[in-house]
>>> print(open('data-v5.tsv').read())   # TSV, C-alpha atoms and all ligand atoms
chain	number	residue	atom	x	y	z
A	222	MET	CA	-1.96	89.46	108.50
A	223	PRO	CA	-1.67	91.01	104.98
A	224	SER	CA	-1.44	88.56	102.10
A	225	LEU	CA	1.90	88.08	100.38
A	226	ALA	CA	0.60	89.81	97.25
A	227	PHE	CA	-0.52	92.78	99.37
A	228	SER	CA	2.89	93.05	101.03
A	229	ALA	CA	4.58	92.94	97.63
A	230	ALA	CA	2.27	95.68	96.33
A	231	LEU	CA	3.03	97.80	99.38
A	232	ALA	CA	6.75	97.34	98.83
A	233	ILE	CA	6.45	98.61	95.28
A	234	LEU	CA	4.13	101.51	95.99
A	235	PRO	CA	6.75	104.22	96.48
A	236	LEU	CA	8.33	103.37	93.12
A	237	MET	CA	5.07	103.18	91.21
A	238	VAL	CA	3.51	106.44	92.36
A	239	GLY	CA	6.70	108.49	92.21
A	240	ASP	CA	7.28	110.84	89.30
A	241	ILE	CA	10.23	110.27	87.03
A	242	ARG	CA	13.18	111.16	89.24
A	243	SER	CA	16.53	112.65	88.29
A	244	ASP	CA	17.87	112.68	91.83
A	245	TRP	CA	18.85	109.03	92.25
A	246	THR	CA	21.72	108.62	94.68
A	247	ARG	CA	24.28	105.89	94.35
A	248	GLU	CA	23.19	104.48	97.72
A	249	GLU	CA	19.60	104.13	96.50
A	250	VAL	CA	20.76	102.47	93.31
A	251	LYS	CA	23.00	100.11	95.30
A	252	ALA	CA	20.00	99.19	97.45
A	253	LEU	CA	18.11	98.20	94.30
A	254	PHE	CA	21.02	96.02	93.15
A	255	ALA	CA	21.01	94.36	96.58
A	256	LEU	CA	17.31	93.36	96.45
A	257	PRO	CA	16.49	89.65	96.30
A	258	PHE	CA	16.43	88.74	92.60
A	259	SER	CA	12.70	88.03	92.34
A	260	GLU	CA	11.81	91.25	94.21
A	261	LEU	CA	14.01	93.24	91.83
A	262	MET	CA	12.44	91.53	88.80
A	263	PHE	CA	8.93	92.13	90.13
A	264	ARG	CA	9.55	95.86	90.60
A	265	ALA	CA	11.18	96.19	87.18
A	266	GLN	CA	8.46	94.22	85.41
A	267	SER	CA	5.70	96.21	87.15
A	268	LEU	CA	7.20	99.51	86.04
A	269	HIS	CA	7.81	98.16	82.55
A	270	ARG	CA	4.12	97.33	82.24
A	271	THR	CA	3.14	100.76	83.55
A	272	TYR	CA	4.83	102.52	80.66
A	273	PHE	CA	5.19	99.97	77.85
A	274	LYS	CA	3.49	97.03	76.19
A	275	ALA	CA	5.29	94.16	77.87
A	276	ASN	CA	5.77	92.01	74.77
A	277	GLU	CA	6.97	94.62	72.31
A	278	VAL	CA	10.58	95.08	71.32
A	279	GLN	CA	12.09	97.94	69.34
A	280	ILE	CA	14.46	96.83	66.60
A	281	SER	CA	17.57	98.79	65.62
A	282	THR	CA	20.21	97.80	63.09
A	283	LEU	CA	23.80	99.00	63.30
A	284	LEU	CA	26.19	99.86	60.51
A	285	SER	CA	29.82	100.82	60.96
A	286	ILE	CA	30.13	103.68	58.47
A	287	LYS	CA	33.76	104.37	59.41
A	288	THR	CA	35.66	101.45	60.85
A	289	GLY	CA	38.90	101.21	62.82
A	290	GLY	CA	41.97	103.39	63.32
A	291	CYS	CA	40.39	105.37	66.19
A	292	PRO	CA	42.80	107.60	68.15
A	293	GLU	CA	41.01	106.91	71.46
A	294	ASP	CA	42.31	104.17	73.77
A	295	CYS	CA	39.04	102.66	75.08
A	296	GLY	CA	40.22	99.36	76.62
A	297	TYR	CA	37.24	97.36	75.40
A	298	CYS	CA	37.25	98.53	71.79
A	299	PRO	CA	38.61	96.57	68.83
A	300	GLN	CA	38.57	99.77	66.73
A	301	SER	CA	41.15	101.64	68.79
A	302	ALA	CA	44.46	102.27	67.00
A	303	HIS	CA	46.14	101.64	70.38
A	304	HIS	CA	45.26	97.92	70.25
A	305	ASP	CA	45.87	95.19	67.71
A	306	ALA	CA	42.55	93.44	67.32
A	307	GLY	CA	42.94	92.85	63.59
A	308	VAL	CA	40.40	95.52	62.58
A	309	LYS	CA	41.57	97.29	59.42
A	310	ALA	CA	41.20	101.09	59.36
A	311	GLU	CA	38.79	102.12	56.62
A	312	LYS	CA	37.53	105.40	55.16
A	313	LEU	CA	34.02	106.77	55.65
A	314	MET	CA	31.60	104.72	53.55
A	315	ALA	CA	30.03	106.28	50.47
A	316	LEU	CA	26.39	107.35	50.60
A	317	PRO	CA	24.94	104.75	48.15
A	318	ALA	CA	26.42	101.82	50.13
A	319	VAL	CA	24.98	103.20	53.37
A	320	LEU	CA	21.53	103.58	51.81
A	321	GLN	CA	21.71	100.06	50.42
A	322	ALA	CA	22.44	98.72	53.93
A	323	ALA	CA	19.60	100.80	55.37
A	324	LYS	CA	17.14	99.44	52.78
A	325	ALA	CA	18.19	95.89	53.68
A	326	ALA	CA	17.76	96.65	57.40
A	327	LYS	CA	14.26	97.98	56.80
A	328	ALA	CA	13.35	94.97	54.66
A	329	ALA	CA	14.57	92.69	57.50
A	330	GLY	CA	12.26	94.48	59.97
A	331	ALA	CA	14.36	97.21	61.65
A	332	SER	CA	12.65	100.47	62.63
A	333	ARG	CA	15.84	102.39	63.44
A	334	PHE	CA	19.16	102.54	61.61
A	335	CYS	CA	22.24	103.43	63.68
A	336	MET	CA	25.40	104.64	61.99
A	337	GLY	CA	28.62	104.31	63.99
A	338	ALA	CA	32.00	105.88	63.30
A	339	ALA	CA	35.34	105.16	64.95
A	340	TRP	CA	36.16	108.80	65.55
A	341	ARG	CA	37.23	110.73	68.64
A	342	GLU	CA	35.15	113.55	67.14
A	343	PRO	CA	34.02	114.24	63.57
A	344	LYS	CA	35.44	117.05	61.42
A	345	ASP	CA	32.83	119.50	60.13
A	346	LYS	CA	33.20	118.06	56.63
A	347	ASP	CA	32.48	114.57	58.03
A	348	VAL	CA	29.34	115.90	59.70
A	349	GLU	CA	28.13	117.18	56.32
A	350	LYS	CA	28.58	113.72	54.82
A	351	VAL	CA	26.79	112.05	57.73
A	352	CYS	CA	23.94	114.59	57.39
A	353	ALA	CA	23.43	113.44	53.79
A	354	MET	CA	23.27	109.85	55.08
A	355	VAL	CA	20.73	110.82	57.73
A	356	GLU	CA	18.54	112.53	55.14
A	357	GLY	CA	18.71	109.50	52.84
A	358	VAL	CA	17.98	106.97	55.61
A	359	LYS	CA	15.06	109.03	56.92
A	360	ALA	CA	13.60	109.21	53.42
A	361	LEU	CA	13.39	105.41	53.52
A	362	GLY	CA	11.01	105.67	56.50
A	363	LEU	CA	13.51	104.65	59.17
A	364	GLU	CA	14.37	106.39	62.42
A	365	THR	CA	17.99	107.53	62.43
A	366	CYS	CA	20.71	107.28	65.05
A	367	ALA	CA	24.39	108.20	64.84
A	368	THR	CA	27.37	107.68	67.11
A	369	LEU	CA	30.37	109.69	65.94
A	370	GLY	CA	32.25	110.54	69.15
A	371	MET	CA	32.33	113.99	70.77
A	372	LEU	CA	30.20	116.75	69.23
A	373	ASN	CA	30.16	120.50	69.66
A	374	THR	CA	27.02	122.65	69.73
A	375	ASP	CA	27.16	123.58	66.04
A	376	GLN	CA	27.68	120.00	64.91
A	377	ALA	CA	24.76	118.79	67.02
A	378	ALA	CA	22.54	121.56	65.59
A	379	ARG	CA	23.60	120.63	62.04
A	380	LEU	CA	22.76	116.96	62.65
A	381	LYS	CA	19.39	117.97	64.09
A	382	ARG	CA	18.62	120.02	60.95
A	383	SER	CA	19.38	116.97	58.81
A	384	GLY	CA	16.64	115.11	60.71
A	385	LEU	CA	18.75	112.98	63.08
A	386	ASP	CA	16.44	111.38	65.66
A	387	TYR	CA	18.95	109.90	68.17
A	388	TYR	CA	22.59	110.37	69.08
A	389	ASN	CA	24.40	107.57	70.93
A	390	HIS	CA	27.17	108.57	73.31
A	391	ASN	CA	27.80	106.30	76.29
A	392	LEU	CA	29.09	107.04	79.77
A	393	ASP	CA	30.36	103.43	79.70
A	394	THR	CA	30.93	103.01	83.47
A	395	SER	CA	31.11	104.85	86.80
A	396	PRO	CA	33.15	108.08	87.00
A	397	GLU	CA	35.61	106.33	89.37
A	398	PHE	CA	36.27	103.25	87.23
A	399	TYR	CA	36.29	105.18	83.95
A	400	GLY	CA	39.99	106.12	84.20
A	401	ASP	CA	40.93	102.41	84.34
A	402	ILE	CA	39.34	101.93	80.91
A	403	ILE	CA	39.95	105.13	78.92
A	404	SER	CA	42.67	107.76	79.28
A	405	THR	CA	42.22	109.85	76.13
A	406	ARG	CA	38.81	111.35	76.91
A	407	MET	CA	37.41	112.59	80.20
A	408	TYR	CA	34.06	111.66	81.73
A	409	GLN	CA	33.16	115.37	81.77
A	410	GLU	CA	33.75	115.57	78.00
A	411	ARG	CA	31.15	112.84	77.55
A	412	LEU	CA	28.69	114.77	79.71
A	413	ASP	CA	29.40	117.92	77.68
A	414	THR	CA	28.61	116.11	74.42
A	415	LEU	CA	25.38	114.79	75.93
A	416	SER	CA	24.40	118.37	76.85
A	417	CYS	CA	25.07	119.58	73.29
A	418	VAL	CA	22.93	116.76	71.90
A	419	ARG	CA	20.12	117.45	74.36
A	420	GLU	CA	20.23	121.20	73.69
A	421	ALA	CA	20.02	120.59	69.94
A	422	GLY	CA	16.76	118.69	70.50
A	423	ILE	CA	18.10	115.29	69.42
A	424	HIS	CA	16.97	112.29	71.47
A	425	VAL	CA	19.76	110.95	73.67
A	426	CYS	CA	20.89	107.32	73.56
A	427	CYS	CA	23.30	106.77	76.44
A	428	GLY	CA	24.29	103.71	78.44
A	429	GLY	CA	27.31	101.65	79.33
A	430	ILE	CA	29.13	98.34	79.47
A	431	VAL	CA	28.99	95.63	82.13
A	432	GLY	CA	31.71	92.99	82.54
A	433	MET	CA	34.87	95.11	82.32
A	434	GLY	CA	36.05	94.10	85.81
A	435	GLU	CA	34.03	96.83	87.52
A	436	GLY	CA	32.64	96.27	91.01
A	437	ASP	CA	29.04	96.42	92.22
A	438	ASP	CA	29.67	100.00	93.29
A	439	ASP	CA	30.68	100.93	89.73
A	440	ARG	CA	27.56	99.37	88.22
A	441	ALA	CA	25.49	101.40	90.67
A	442	GLY	CA	27.64	104.45	89.85
A	443	LEU	CA	26.95	104.07	86.12
A	444	ILE	CA	23.18	103.74	86.59
A	445	ALA	CA	23.13	106.61	89.11
A	446	ALA	CA	25.04	108.81	86.63
A	447	LEU	CA	22.56	107.98	83.84
A	448	ALA	CA	19.47	108.31	86.02
A	449	SER	CA	20.59	111.65	87.45
A	450	LEU	CA	21.08	113.32	84.08
A	451	PRO	CA	18.73	116.34	84.01
A	452	VAL	CA	16.53	114.48	81.50
A	453	HIS	CA	16.81	110.69	81.25
A	454	PRO	CA	18.21	109.37	77.99
A	455	GLU	CA	15.33	108.24	75.79
A	456	SER	CA	17.34	105.13	75.00
A	457	VAL	CA	19.67	103.30	77.42
A	458	PRO	CA	21.91	100.65	75.82
A	459	ILE	CA	23.25	98.15	78.34
A	460	ASN	CA	26.15	96.31	76.70
A	461	ALA	CA	27.75	93.13	78.00
A	462	LEU	CA	31.46	93.39	77.21
A	463	VAL	CA	32.39	91.59	74.01
A	464	ARG	CA	35.86	90.33	74.89
A	465	VAL	CA	37.88	90.87	71.74
A	466	GLU	CA	41.35	89.29	71.37
A	467	GLY	CA	44.00	92.01	71.13
A	468	THR	CA	42.16	94.50	73.36
A	469	PRO	CA	43.32	95.08	76.95
A	470	LEU	CA	40.03	93.65	78.22
A	471	ALA	CA	40.21	90.41	76.24
A	472	GLY	CA	40.98	88.52	79.45
A	473	ALA	CA	38.28	90.11	81.64
A	474	ALA	CA	36.55	87.62	83.93
A	475	PRO	CA	33.32	86.26	82.43
A	476	LEU	CA	30.23	88.20	83.46
A	477	ASP	CA	27.65	86.43	85.64
A	478	PRO	CA	24.50	86.61	83.47
A	479	LEU	CA	22.41	87.39	86.57
A	480	ASP	CA	24.54	90.47	87.28
A	481	PHE	CA	23.82	91.62	83.74
A	482	ILE	CA	20.07	91.03	84.22
A	483	ARG	CA	20.18	92.94	87.50
A	484	THR	CA	21.75	95.92	85.70
A	485	ILE	CA	18.93	95.90	83.14
A	486	ALA	CA	16.32	95.72	85.91
A	487	VAL	CA	17.88	98.60	87.85
A	488	ALA	CA	18.03	100.69	84.64
A	489	ARG	CA	14.33	99.96	84.06
A	490	ILE	CA	13.37	100.94	87.63
A	491	THR	CA	15.39	104.15	87.74
A	492	MET	CA	14.56	105.27	84.16
A	493	PRO	CA	11.06	103.81	83.78
A	494	LYS	CA	10.04	105.68	80.63
A	495	SER	CA	13.30	105.06	78.72
A	496	MET	CA	13.80	102.34	76.17
A	497	VAL	CA	16.35	99.96	77.70
A	498	ARG	CA	18.37	98.18	75.03
A	499	LEU	CA	19.77	94.70	75.48
A	500	SER	CA	22.82	95.66	73.41
A	501	ALA	CA	26.23	94.06	72.74
A	502	GLY	CA	26.92	90.58	74.05
A	503	ARG	CA	23.77	88.75	72.89
A	504	GLU	CA	25.78	86.46	70.62
A	505	ASP	CA	27.11	84.63	73.68
A	506	MET	CA	23.87	84.82	75.67
A	507	SER	CA	21.44	81.92	75.95
A	508	ASP	CA	17.81	82.39	74.93
A	509	GLU	CA	16.96	81.95	78.61
A	510	ALA	CA	19.25	84.81	79.71
A	511	GLN	CA	17.75	87.05	77.02
A	512	ALA	CA	14.23	86.10	78.13
A	513	LEU	CA	15.17	87.19	81.66
A	514	ALA	CA	16.55	90.46	80.29
A	515	PHE	CA	13.18	91.16	78.61
A	516	LEU	CA	11.42	90.23	81.84
A	517	ALA	CA	13.72	92.71	83.62
A	518	GLY	CA	12.44	95.45	81.34
A	519	ALA	CA	14.66	95.45	78.26
A	520	ASN	CA	12.56	96.44	75.27
A	521	SER	CA	15.00	97.04	72.45
A	522	ILE	CA	17.71	95.07	70.65
A	523	PHE	CA	20.28	95.42	67.91
A	524	TYR	CA	19.13	93.18	65.09
A	525	GLY	CA	21.30	91.84	62.27
A	526	PRO	CA	24.32	89.55	62.19
A	527	ARG	CA	26.86	92.26	63.01
A	528	LEU	CA	27.17	94.94	65.67
A	529	LEU	CA	29.94	97.30	64.48
A	530	THR	CA	32.87	94.90	64.08
A	531	THR	CA	31.77	91.88	66.14
A	532	PRO	CA	29.06	89.25	65.58
A	533	ASN	CA	25.46	89.54	66.75
A	534	PRO	CA	22.85	86.74	66.56
A	535	SER	CA	21.61	85.98	63.05
A	536	GLU	CA	18.18	87.26	62.00
A	537	THR	CA	17.02	83.65	61.88
A	538	ARG	CA	17.99	83.03	65.50
A	539	ASP	CA	16.37	86.29	66.62
A	540	ARG	CA	13.15	85.65	64.73
A	541	ALA	CA	12.97	82.23	66.38
A	542	LEU	CA	13.59	83.83	69.78
A	543	MET	CA	10.81	86.37	69.21
A	544	VAL	CA	8.40	83.56	68.26
A	545	ARG	CA	9.53	81.46	71.22
A	546	LEU	CA	8.85	84.35	73.61
A	547	GLY	CA	5.73	85.68	71.86
A	548	MET	CA	7.34	89.07	71.33
A	549	THR	CA	6.55	91.44	68.48
A	550	PRO	CA	8.44	94.35	66.90
A	551	MET	CA	7.39	97.78	68.12
A	552	ILE	CA	5.54	99.69	65.41
A	553	LEU	CA	6.60	103.29	64.78
A	554	PRO	CA	3.81	105.90	64.95
A	555	CYS	CA	4.35	106.65	61.22
A	556	GLU	CA	3.98	102.94	60.35
A	557	ALA	CA	0.80	102.74	62.43
A	558	GLY	CA	-0.66	105.60	60.37
A	559	GLU	CA	-0.74	108.07	63.29
B	1	LIG	N1	33.53	106.28	68.59
B	1	LIG	C1	32.26	106.61	69.10
B	1	LIG	C2	32.22	106.64	70.61
B	1	LIG	O1	33.02	105.99	71.26
B	1	LIG	O2	31.32	107.31	71.13
B	1	LIG	C3	31.15	105.73	68.59
B	1	LIG	C4	31.36	104.24	68.45
B	1	LIG	S1	31.72	103.33	69.92
B	1	LIG	C5	32.16	101.77	69.26
B	1	LIG	C6	30.13	103.12	70.70
B	1	LIG	C7	30.05	102.32	71.95
B	1	LIG	O3	30.20	100.93	71.69
B	1	LIG	C8	31.08	102.56	73.03
B	1	LIG	O4	30.82	103.71	73.79
B	1	LIG	C9	30.95	101.32	73.89
B	1	LIG	O5	30.00	101.53	74.92
B	1	LIG	C10	30.43	100.27	72.90
B	1	LIG	N2	31.43	99.20	72.69
B	1	LIG	C11	32.56	99.28	71.96
B	1	LIG	N3	33.27	98.13	72.02
B	1	LIG	C12	32.54	97.28	72.81
B	1	LIG	C13	32.75	95.96	73.26
B	1	LIG	N4	33.85	95.26	72.93
B	1	LIG	N5	31.81	95.39	74.05
B	1	LIG	C14	30.70	96.10	74.39
B	1	LIG	N6	30.46	97.36	74.00
B	1	LIG	C15	31.37	97.96	73.23
B	2	LIG	C1	26.10	100.79	72.00
B	2	LIG	O1	25.92	101.12	73.20
B	2	LIG	N1	26.44	99.57	71.60
B	2	LIG	C2	26.65	99.53	70.16
B	2	LIG	C3	26.19	100.94	69.73
B	2	LIG	N2	25.98	101.61	70.97
B	2	LIG	C4	26.97	101.73	68.79
B	2	LIG	C5	28.03	99.17	69.76
B	2	LIG	C6	28.51	97.84	70.30
B	2	LIG	C7	29.84	97.58	69.73
B	2	LIG	C8	30.37	96.21	70.08
B	2	LIG	C9	31.73	95.99	69.55
B	2	LIG	C10	31.83	96.01	68.06
B	2	LIG	O2	31.01	95.36	67.35
B	2	LIG	O3	32.79	96.61	67.53
B	3	LIG	FE1	37.08	104.95	69.30
B	3	LIG	FE2	34.55	104.78	70.07
B	3	LIG	FE3	36.13	102.60	70.01
B	3	LIG	FE4	36.57	104.44	71.86
B	3	LIG	S1	34.71	103.19	71.62
B	3	LIG	S2	38.13	103.45	70.58
B	3	LIG	S3	36.06	106.30	70.75
B	3	LIG	S4	35.48	103.79	68.27
>>> encode(input="data-v5.tsv", output="structure tokens")
Amino acid sequence: MPSLAFSAALAILPLMVGDIRSDWTREEVKALFALPFSELMFRAQSLHRTYFKANEVQISTLLSIKTGGCPEDCGYCPQSAHHDAGVKAEKLMALPAVLQAAKAAKAAGASRFCMGAAWREPKDKDVEKVCAMVEGVKALGLETCATLGMLNTDQAARLKRSGLDYYNHNLDTSPEFYGDIISTRMYQERLDTLSCVREAGIHVCCGGIVGMGEGDDDRAGLIAALASLPVHPESVPINALVRVEGTPLAGAAPLDPLDFIRTIAVARITMPKSMVRLSAGREDMSDEAQALAFLAGANSIFYGPRLLTTPNPSETRDRALMVRLGMTPMILPCEAGE
């Protein structure tokens, strides 16, 4: 009779030898979600170790460069002008203040600086201003990421010329559940923006949110949609809904932490070479739940006491967590002298 370890290795073989696939079906993804928890974790952890150093975590810091007053009606978002979450609409930040925040992020240990704007889509003159920010942040030796809403081909090309490394644009949930959450922008429009970003040669950061009242089928639908993009996003943020008072989703049922961990593990298995980011929602997560998320294959976090408008764990808490788990920040090739 084969040993237990042998049987486990056999069970994982098809996943470990397979090339990176972009033909994941929802049924296959659902089957992964349905695995016994330790089997799922074993597969995810094995693939994680195939492609990454298991104890390294990439550190990004977020800055809201244009807060509030957004014309979109995303049900989860405190920045939507359709909801009253007490977020004041502000103008686009000035360049020196952005660079000051980027310097502070670098000094605190971030390797990537992500600039977020509460826009449906930027105007061309906004893109010019963001390009100046990208150039300035890059000159500090940081990777750059922006999330500005929908982009057209020319805007994506302009951002690429400024040196933008990543563009974040999320699918958020399954195509079927999407309409329950957002009515002002179509799923297809999100896919179109992702194509423009990809065509421009900017790395894609694309993920979603768990805990909005979606069913198991929707979680599988989200991961299947991400994992069947022609090229997998280089970065996959998995957000746990931050339930903000005044938004339509403030009263969403609390998310079972194990369902969140499962989503991370399934993202890791289906997109084995992507960075999977344990994104929003860490403020309310125990150290133990976060440790499980890393074990499930998460290898990136947002670092710093604020996400865009909501709290994130303090640097002190995160540094203690890293020490507690023996994890180290991922070094960029340029920092390693390569
Ligand atoms: N306006 C741009 C857009 O929607 O693409 C960029 C900023 S928007 C805040 C970026 C992402 O943040 C959203 O796509 C969503 O996935 C995430 N997000 C916003 N509010 C959230 C919340 N309350 N909890 C978890 N994730 C959230
Ligand atoms: C992503 O997927 N999560 C980040 C980032 N991309 C821009 C944003 C989380 C926002 C959480 C709510 C807030 O702070 O306003
Ligand atoms: Fe606007 Fe983005 Fe918030 Fe939607 S998620 S309301 S597009 S800022």
>>> residues_near_point(input="data-v5.tsv", point="(10.8, 101.1, 86.3)", cutoff="7 Å", atoms="all atoms listed in the file", output="count of residues only")
9
>>> residues_near_ligand(input="data-v5.tsv", ligand="ligand LIG 2 (chain B)", cutoff="7 Å", atoms="all atoms listed in the file", output="list in words")
Leu283, Cys298, Pro299, Gln300, Gly337, Thr368, Asn389, Asn391, Gly428, Gly429, Pro458, Ile459, Asn460, Val463, Ser500, Ala501, Arg527, Leu528, Leu529, Thr530, Thr531 and Pro532 of chain A
>>> residues_around(input="data-v5.tsv", residues="A:Pro534", least_positions_apart="2", cutoff="9 Å", atoms="only C-alpha atoms", output="ChimeraX atom specification")
/A:503-505,524-527,532,536-539
>>> closest_residue(input="data-v5.tsv", among="A:Ala339, A:Met548, A:Ala445, A:Leu513", to="A:Ala486", atoms="all atoms listed in the file")
A:Leu513
>>> residues_near_ligand(input="data-v5.tsv", ligand="ligand LIG 3 (chain B)", cutoff="9 Å", atoms="only C-alpha atoms and all ligand atoms", output="JSON, numbers by chain")
{"A": [288, 289, 290, 291, 292, 293, 294, 295, 296, 297, 298, 299, 300, 301, 302, 303, 337, 338, 339, 340, 341, 342, 368, 369, 370, 371, 390, 391, 403, 405, 406]}
>>> write_last_selection(input="data-v5.tsv", atoms="C-alpha atoms", output="PDB file, in the frame of the given file")
ATOM      1  CA  THR A 288      35.660 101.450  60.850  1.00  0.00           C
ATOM      2  CA  GLY A 289      38.900 101.210  62.820  1.00  0.00           C
ATOM      3  CA  GLY A 290      41.970 103.390  63.320  1.00  0.00           C
ATOM      4  CA  CYS A 291      40.390 105.370  66.190  1.00  0.00           C
ATOM      5  CA  PRO A 292      42.800 107.600  68.150  1.00  0.00           C
ATOM      6  CA  GLU A 293      41.010 106.910  71.460  1.00  0.00           C
ATOM      7  CA  ASP A 294      42.310 104.170  73.770  1.00  0.00           C
ATOM      8  CA  CYS A 295      39.040 102.660  75.080  1.00  0.00           C
ATOM      9  CA  GLY A 296      40.220  99.360  76.620  1.00  0.00           C
ATOM     10  CA  TYR A 297      37.240  97.360  75.400  1.00  0.00           C
ATOM     11  CA  CYS A 298      37.250  98.530  71.790  1.00  0.00           C
ATOM     12  CA  PRO A 299      38.610  96.570  68.830  1.00  0.00           C
ATOM     13  CA  GLN A 300      38.570  99.770  66.730  1.00  0.00           C
ATOM     14  CA  SER A 301      41.150 101.640  68.790  1.00  0.00           C
ATOM     15  CA  ALA A 302      44.460 102.270  67.000  1.00  0.00           C
ATOM     16  CA  HIS A 303      46.140 101.640  70.380  1.00  0.00           C
ATOM     17  CA  GLY A 337      28.620 104.310  63.990  1.00  0.00           C
ATOM     18  CA  ALA A 338      32.000 105.880  63.300  1.00  0.00           C
ATOM     19  CA  ALA A 339      35.340 105.160  64.950  1.00  0.00           C
ATOM     20  CA  TRP A 340      36.160 108.800  65.550  1.00  0.00           C
ATOM     21  CA  ARG A 341      37.230 110.730  68.640  1.00  0.00           C
ATOM     22  CA  GLU A 342      35.150 113.550  67.140  1.00  0.00           C
ATOM     23  CA  THR A 368      27.370 107.680  67.110  1.00  0.00           C
ATOM     24  CA  LEU A 369      30.370 109.690  65.940  1.00  0.00           C
ATOM     25  CA  GLY A 370      32.250 110.540  69.150  1.00  0.00           C
ATOM     26  CA  MET A 371      32.330 113.990  70.770  1.00  0.00           C
ATOM     27  CA  HIS A 390      27.170 108.570  73.310  1.00  0.00           C
ATOM     28  CA  ASN A 391      27.800 106.300  76.290  1.00  0.00           C
ATOM     29  CA  ILE A 403      39.950 105.130  78.920  1.00  0.00           C
ATOM     30  CA  THR A 405      42.220 109.850  76.130  1.00  0.00           C
ATOM     31  CA  ARG A 406      38.810 111.350  76.910  1.00  0.00           C
TER      32      ARG A 406
END
>>> closest_atom_pairs(input="data-v5.tsv", of="stretch 435-483 of chain A", to="stretch 241-244 of chain A", cutoff="10 Å", atoms="all atoms listed in the file", output="JSON lines")
{"residue": "A:Ala445", "atom": "CA", "partner": "A:Asp244", "partner_atom": "CA", "distance": 8.5}
{"residue": "A:Ala446", "atom": "CA", "partner": "A:Ser243", "partner_atom": "CA", "distance": 9.5}
{"residue": "A:Leu447", "atom": "CA", "partner": "A:Ser243", "partner_atom": "CA", "distance": 8.8}
{"residue": "A:Ala448", "atom": "CA", "partner": "A:Ser243", "partner_atom": "CA", "distance": 5.7}
{"residue": "A:Ser449", "atom": "CA", "partner": "A:Ser243", "partner_atom": "CA", "distance": 4.3}
{"residue": "A:Leu450", "atom": "CA", "partner": "A:Ser243", "partner_atom": "CA", "distance": 6.2}
{"residue": "A:Pro451", "atom": "CA", "partner": "A:Ser243", "partner_atom": "CA", "distance": 6.1}
{"residue": "A:Val452", "atom": "CA", "partner": "A:Ser243", "partner_atom": "CA", "distance": 7.0}
{"residue": "A:His453", "atom": "CA", "partner": "A:Ser243", "partner_atom": "CA", "distance": 7.3}
>>> atom_distance(input="data-v5.tsv", atom1="atom O1 of ligand LIG 1 (chain B)", atom2="atom CA of A:Arg540")
29.2 Å
>>> residues_around(input="data-v5.tsv", residues="stretch 346-362 of chain A", least_positions_apart="5", cutoff="7 Å", atoms="all atoms listed in the file", output="list in words")
Leu316, Leu320, Ala323, Gln376, Leu380, Ser383, Gly384 and Leu385 of chain A
>>> residues_near_point(input="data-v5.tsv", point="(31.5, 120.8, 68.7)", cutoff="9 Å", atoms="only C-alpha atoms", output="VMD selection string")
chain A and resid 342 to 343 345 371 to 377 414 417
>>> closest_residue(input="data-v5.tsv", among="A:Met433, A:Cys426, A:Ala471, A:Ala517", to="A:Met496", atoms="only C-alpha atoms")
A:Cys426
>>> atom_distance(input="data-v5.tsv", atom1="atom CA of A:Pro469", atom2="atom CA of A:Glu435")
14.2 Å
>>> residues_around(input="data-v5.tsv", residues="A:Ala252", least_positions_apart="5", cutoff="10 Å", atoms="only C-alpha atoms", output="list in words")
Thr246, Arg247, Ala441 and Val487 of chain A
>>> closest_residue(input="data-v5.tsv", among="A:Val278, A:Ala474, A:Leu313, A:Leu443", to="A:Phe398", atoms="all atoms listed in the file")
A:Leu443
>>> atom_distance(input="data-v5.tsv", atom1="atom CA of A:Arg483", atom2="atom CA of A:Phe254")
6.5 Å
>>> residues_around(input="data-v5.tsv", residues="A:Glu455", least_positions_apart="4", cutoff="9 Å", atoms="all atoms listed in the file", output="list of chain:residue names")
A:Tyr387, A:His424, A:Val425, A:Cys426, A:Cys427, A:Met492, A:Lys494, A:Ser495, A:Met496, A:Val497
>>> residues_around(input="data-v5.tsv", residues="A:Ala514", least_positions_apart="6", cutoff="9 Å", atoms="all atoms listed in the file", output="number ranges by chain")
A: 481-483, 485-486, 499, 520
>>> closest_residue(input="data-v5.tsv", among="A:Ala461, A:Ala326, A:Ile552, A:Ile444", to="A:Glu249", atoms="only C-alpha atoms")
A:Ile444
>>> closest_residue(input="data-v5.tsv", among="A:Ser285, A:Asn276, A:Ser456, A:Gln266", to="ligand LIG 1 (chain B)", atoms="all atoms listed in the file")
A:Ser285
>>> closest_residue(input="data-v5.tsv", among="A:Asp393, A:Glu277, A:Glu311, A:Glu248", to="ligand LIG 1 (chain B)", atoms="all atoms listed in the file")
A:Asp393
